Amino acid sequence: PDKLSKLLLQHINGTYGAMITGHLRMDTTYIQELLRCTYSSYVFFAGDEALQRMLVDAANGGPAQLCDALSKYCHEAFPKDGGYSLTGSKAQSSPPLPPVLDFNCQKRYFDQALHHFDDTDQRSFKQTYWVCDDAWPQSAKMQGSQGNIIVFLGNESPLGTPSQPIVFEQARQLHALVVEVEHRYYGHSQPFPDSLQPDGMLNSSDLYRWLKVEQVMEDTAAVLAAVRRELRVPAAVPAIVIGGSYGGMLATYHRVAKPGVFAAAIAASAPLSFMVGTQQWADTADRYHRIIAAAITGNSGSPACADTIRLGLAR
């Protein structure tokens, strides 16, 4: 930890040395080692140790004390004669729209099949998706020669307003039409909305039978096909599927299972080999979940949740 702290301090000084003068104190607050990678969260202070202690004590005293202390801290740590310019901000009753909305993102709904592998089942549900076309070329010729489609996959949570930097930082460079698809059973994409309980869960476990990766991949392909038809996207325009964590796993599965639909996949932080039935799962899964149970025991007011995890592992 001490060696890592020194390295981080050198990095901060090298990056911000022109802006920060005087005493600089940095504390490593958390270090986690996983395989060969080390992750660190850290906080650094401009000012002497007394100023740091004043700020920490105020933070422990609650929001009101911290707000008062921050004003004093800023004026002493960044004096006017030191060449600093401090500005403040206030909460706004009508804050400006996120910059991502400059991409002309429009929320839409698609009549999605509940069961893609049973032609006799005609049930469907409203699936939420977004189309953002501000970076998309206007002419069919430009679309065919320079355009791309970025398909962002929703995770195991509501999709919300499009705001993913990994998507929109690339959209302009790739002249991309952005399509974001909410995962079935999450957010507003509920196959059985009338069966939802106040906690957001369905009132019968049998209703989750169609919550499967295979169904999700068909959902994405169906939405993408509909967008291509509606906007008359040239067939030569490739689709790049993007996701993170579980969504990254999904992105990979989309590319592998449907290479004719998805030309490439970007899988961010995707534990592809950490699946039931693999050797990595056999070697590490119990250890992972036991660590989670131990963490819950130490940070929860009730042992019931951790005990449930341990009971499941024992079975």
# chains A, B, ... in the order shown; residues from 1 in each chain; ligands from 1
call {"tool": "select_by_dssp", "arguments": {"residues": "segment 118-262 of chain A", "states": "helix (DSSP H, G or I)", "output": "PyMOL selection string"}}
result
chain A and resi 140-146+165-171+193-195+205-208+213-231+246-257
call {"tool": "residues_around", "arguments": {"residues": "segment 150-159 of chain A", "least_positions_apart": "4", "cutoff": "6 Å", "atoms": "only C-alpha atoms", "output": "JSON, numbers by chain"}}
result
{"A": [178, 179, 180, 181, 182, 183, 186, 187, 239, 240, 241, 242, 243, 247]}
call {"tool": "write_last_selection", "arguments": {"atoms": "C-alpha atoms", "output": "mmCIF file, in the first residue's frame"}}
result
data_model
loop_
_atom_site.group_PDB
_atom_site.id
_atom_site.type_symbol
_atom_site.label_atom_id
_atom_site.label_comp_id
_atom_site.auth_asym_id
_atom_site.auth_seq_id
_atom_site.Cartn_x
_atom_site.Cartn_y
_atom_site.Cartn_z
ATOM 1 C CA VAL A 178 -27.076 4.666 -32.183
ATOM 2 C CA VAL A 179 -29.665 2.099 -31.122
ATOM 3 C CA GLU A 180 -30.059 1.245 -27.430
ATOM 4 C CA VAL A 181 -32.245 -1.690 -26.406
ATOM 5 C CA GLU A 182 -33.625 -2.243 -22.923
ATOM 6 C CA HIS A 183 -33.296 -5.788 -21.565
ATOM 7 C CA TYR A 186 -36.289 -4.698 -16.739
ATOM 8 C CA GLY A 187 -37.370 -1.063 -16.690
ATOM 9 C CA ALA A 239 -23.710 -3.067 -36.764
ATOM 10 C CA ILE A 240 -21.372 -2.972 -33.763
ATOM 11 C CA VAL A 241 -22.818 -4.290 -30.524
ATOM 12 C CA ILE A 242 -21.549 -2.857 -27.218
ATOM 13 C CA GLY A 243 -22.099 -3.834 -23.594
ATOM 14 C CA GLY A 247 -23.953 -6.601 -21.123
#
call {"tool": "select_by_dssp", "arguments": {"residues": "segment 117-303 of chain A", "states": "strand (DSSP E)", "output": "MDAnalysis selection string"}}
result
chainID A and resid 124:132 148:153 176:181 239:244 264:268
call {"tool": "atom_distance", "arguments": {"atom1": "atom CA of Asp199 of chain A", "atom2": "atom CA of Arg290 of chain A"}}
result
26.3 Å
call {"tool": "atom_distance", "arguments": {"atom1": "atom CA of Arg255 of chain A", "atom2": "atom CA of Ala113 of chain A"}}
result
21.2 Å
call {"tool": "closest_atom_pairs", "arguments": {"of": "segment 261-307 of chain A", "to": "segment 160-175 of chain A", "cutoff": "12 Å", "atoms": "only C-alpha atoms", "output": "tab-separated table"}}
result
residue	atom	partner	partner_atom	distance
A:Ile266	CA	A:Ile166	CA	9.7
A:Ala267	CA	A:Ile166	CA	11.0
A:Ala268	CA	A:Ile166	CA	9.5
call {"tool": "closest_residue", "arguments": {"among": "A:Gln215, A:Gln280, A:Asn148, A:Gln197", "to": "Phe117 of chain A", "atoms": "only C-alpha atoms"}}
result
A:Gln215
call {"tool": "residues_around", "arguments": {"residues": "Leu207 of chain A", "least_positions_apart": "3", "cutoff": "10 Å", "atoms": "only C-alpha atoms", "output": "MDAnalysis selection string"}}
result
chainID A and resid 185 191:192 195 202:204 210:211
call {"tool": "write_last_selection", "arguments": {"atoms": "N, CA, C and O atoms", "output": "short mmCIF file (atom, residue, chain, number, x, y, z; two decimals), in the first residue's frame"}}
result
data_model
loop_
_atom_site.label_atom_id
_atom_site.label_comp_id
_atom_site.auth_asym_id
_atom_site.auth_seq_id
_atom_site.Cartn_x
_atom_site.Cartn_y
_atom_site.Cartn_z
N TYR A 185 -37.74 -7.76 -19.22
CA TYR A 185 -38.02 -7.95 -17.80
C TYR A 185 -37.44 -6.82 -16.93
O TYR A 185 -37.53 -6.90 -15.71
N PRO A 191 -42.73 -8.06 -19.83
CA PRO A 191 -43.68 -8.93 -20.52
C PRO A 191 -45.00 -9.10 -19.77
O PRO A 191 -46.04 -9.32 -20.40
N PHE A 192 -44.97 -8.98 -18.45
CA PHE A 192 -46.17 -9.18 -17.64
C PHE A 192 -46.33 -8.02 -16.65
O PHE A 192 -46.21 -8.21 -15.43
N SER A 195 -48.57 -8.28 -13.53
CA SER A 195 -48.20 -9.23 -12.48
C SER A 195 -47.07 -8.74 -11.60
O SER A 195 -46.57 -9.48 -10.75
N LEU A 202 -42.05 -10.23 -10.19
CA LEU A 202 -43.30 -10.83 -10.64
C LEU A 202 -43.87 -11.73 -9.55
O LEU A 202 -43.12 -12.27 -8.73
N ASN A 203 -45.18 -11.90 -9.56
CA ASN A 203 -45.82 -12.66 -8.47
C ASN A 203 -45.75 -14.16 -8.68
O ASN A 203 -46.26 -14.92 -7.86
N SER A 204 -45.11 -14.60 -9.75
CA SER A 204 -44.95 -16.03 -9.98
C SER A 204 -43.62 -16.29 -10.66
O SER A 204 -43.30 -15.66 -11.68
N TRP A 210 -39.20 -16.99 -19.75
CA TRP A 210 -38.72 -16.41 -21.00
C TRP A 210 -37.60 -15.40 -20.78
O TRP A 210 -37.24 -14.67 -21.68
N LEU A 211 -37.05 -15.40 -19.57
CA LEU A 211 -35.89 -14.55 -19.27
C LEU A 211 -34.63 -15.37 -19.53
O LEU A 211 -34.02 -15.93 -18.63
#
call {"tool": "residues_around", "arguments": {"residues": "Val261 of chain A", "least_positions_apart": "6", "cutoff": "9 Å", "atoms": "only C-alpha atoms", "output": "list of chain:residue names"}}
result
A:Ala221, A:Leu224, A:Ala225, A:Pro238, A:Ala239, A:His254, A:Arg255
call {"tool": "write_last_selection", "arguments": {"atoms": "N, CA, C and O atoms", "output": "tab-separated table (two decimals), in the first residue's frame"}}
result
chain	number	residue	atom	x	y	z
A	221	ALA	N	-31.89	-8.51	-32.23
A	221	ALA	CA	-31.89	-8.67	-33.68
A	221	ALA	C	-33.20	-8.16	-34.29
A	221	ALA	O	-33.20	-7.53	-35.36
A	224	LEU	N	-33.21	-4.28	-34.16
A	224	LEU	CA	-32.28	-3.76	-35.15
A	224	LEU	C	-32.86	-3.90	-36.56
A	224	LEU	O	-32.76	-2.97	-37.38
A	225	ALA	N	-33.47	-5.02	-36.87
A	225	ALA	CA	-34.06	-5.23	-38.19
A	225	ALA	C	-35.17	-4.22	-38.45
A	225	ALA	O	-35.31	-3.69	-39.57
A	238	PRO	N	-22.50	-1.83	-41.33
A	238	PRO	CA	-22.30	-2.84	-40.28
A	238	PRO	C	-22.86	-2.38	-38.93
A	238	PRO	O	-22.94	-1.18	-38.65
A	239	ALA	N	-23.23	-3.33	-38.12
A	239	ALA	CA	-23.71	-3.07	-36.76
A	239	ALA	C	-22.67	-3.54	-35.76
A	239	ALA	O	-22.20	-4.68	-35.83
A	254	HIS	N	-23.86	-12.18	-28.81
A	254	HIS	CA	-24.52	-11.71	-30.03
A	254	HIS	C	-23.61	-11.90	-31.25
A	254	HIS	O	-24.06	-12.37	-32.30
A	255	ARG	N	-22.35	-11.51	-31.09
A	255	ARG	CA	-21.41	-11.60	-32.20
A	255	ARG	C	-21.16	-13.06	-32.59
A	255	ARG	O	-21.11	-13.40	-33.78
call {"tool": "atom_distance", "arguments": {"atom1": "atom CA of Tyr208 of chain A", "atom2": "atom CA of Ser189 of chain A"}}
result
13.2 Å
call {"tool": "residues_around", "arguments": {"residues": "Met217 of chain A", "least_positions_apart": "3", "cutoff": "8 Å", "atoms": "only C-alpha atoms", "output": "list in words"}}
result
Val213, Glu214, Thr220, Ala221, Leu250, Tyr253 and His254 of chain A
call {"tool": "write_last_selection", "arguments": {"atoms": "N, CA, C and O atoms", "output": "short mmCIF file (atom, residue, chain, number, x, y, z; two decimals), in the first residue's frame"}}
result
data_model
loop_
_atom_site.label_atom_id
_atom_site.label_comp_id
_atom_site.auth_asym_id
_atom_site.auth_seq_id
_atom_site.Cartn_x
_atom_site.Cartn_y
_atom_site.Cartn_z
N VAL A 213 -30.97 -15.77 -22.21
CA VAL A 213 -30.04 -15.08 -23.10
C VAL A 213 -30.45 -15.29 -24.56
O VAL A 213 -30.37 -14.36 -25.38
N GLU A 214 -30.89 -16.50 -24.90
CA GLU A 214 -31.29 -16.77 -26.27
C GLU A 214 -32.44 -15.86 -26.72
O GLU A 214 -32.46 -15.37 -27.85
N THR A 220 -32.83 -8.26 -29.59
CA THR A 220 -31.94 -7.25 -30.16
C THR A 220 -31.97 -7.31 -31.68
O THR A 220 -32.05 -6.27 -32.36
N ALA A 221 -31.89 -8.51 -32.23
CA ALA A 221 -31.89 -8.67 -33.68
C ALA A 221 -33.20 -8.16 -34.29
O ALA A 221 -33.20 -7.53 -35.36
N LEU A 250 -23.18 -10.41 -23.06
CA LEU A 250 -24.22 -10.46 -24.08
C LEU A 250 -23.69 -10.02 -25.44
O LEU A 250 -24.01 -10.62 -26.47
N TYR A 253 -21.84 -12.82 -27.00
CA TYR A 253 -22.74 -13.88 -27.44
C TYR A 253 -23.47 -13.47 -28.73
O TYR A 253 -23.69 -14.30 -29.62
N HIS A 254 -23.86 -12.18 -28.81
CA HIS A 254 -24.52 -11.71 -30.03
C HIS A 254 -23.61 -11.90 -31.25
O HIS A 254 -24.06 -12.37 -32.30
#
call {"tool": "residues_around", "arguments": {"residues": "Ser145 of chain A", "least_positions_apart": "6", "cutoff": "12 Å", "atoms": "only C-alpha atoms", "output": "short mmCIF file (atom, residue, chain, number, x, y, z; two decimals) with C-alpha atoms, in the first residue's frame"}}
result
data_model
loop_
_atom_site.label_atom_id
_atom_site.label_comp_id
_atom_site.auth_asym_id
_atom_site.auth_seq_id
_atom_site.Cartn_x
_atom_site.Cartn_y
_atom_site.Cartn_z
CA TRP A 136 -25.97 9.56 -38.82
CA PRO A 137 -25.30 10.84 -42.37
CA SER A 139 -27.62 10.82 -47.63
CA LEU A 174 -17.99 6.44 -36.83
CA HIS A 175 -20.87 8.45 -38.34
CA ALA A 176 -23.02 6.08 -36.34
CA VAL A 233 -30.41 1.72 -43.82
CA PRO A 234 -28.22 0.38 -46.62
CA ALA A 235 -27.54 -3.33 -46.18
CA ALA A 236 -23.78 -2.75 -46.29
CA VAL A 237 -23.81 -0.68 -43.08
CA PRO A 238 -22.30 -2.84 -40.28
#
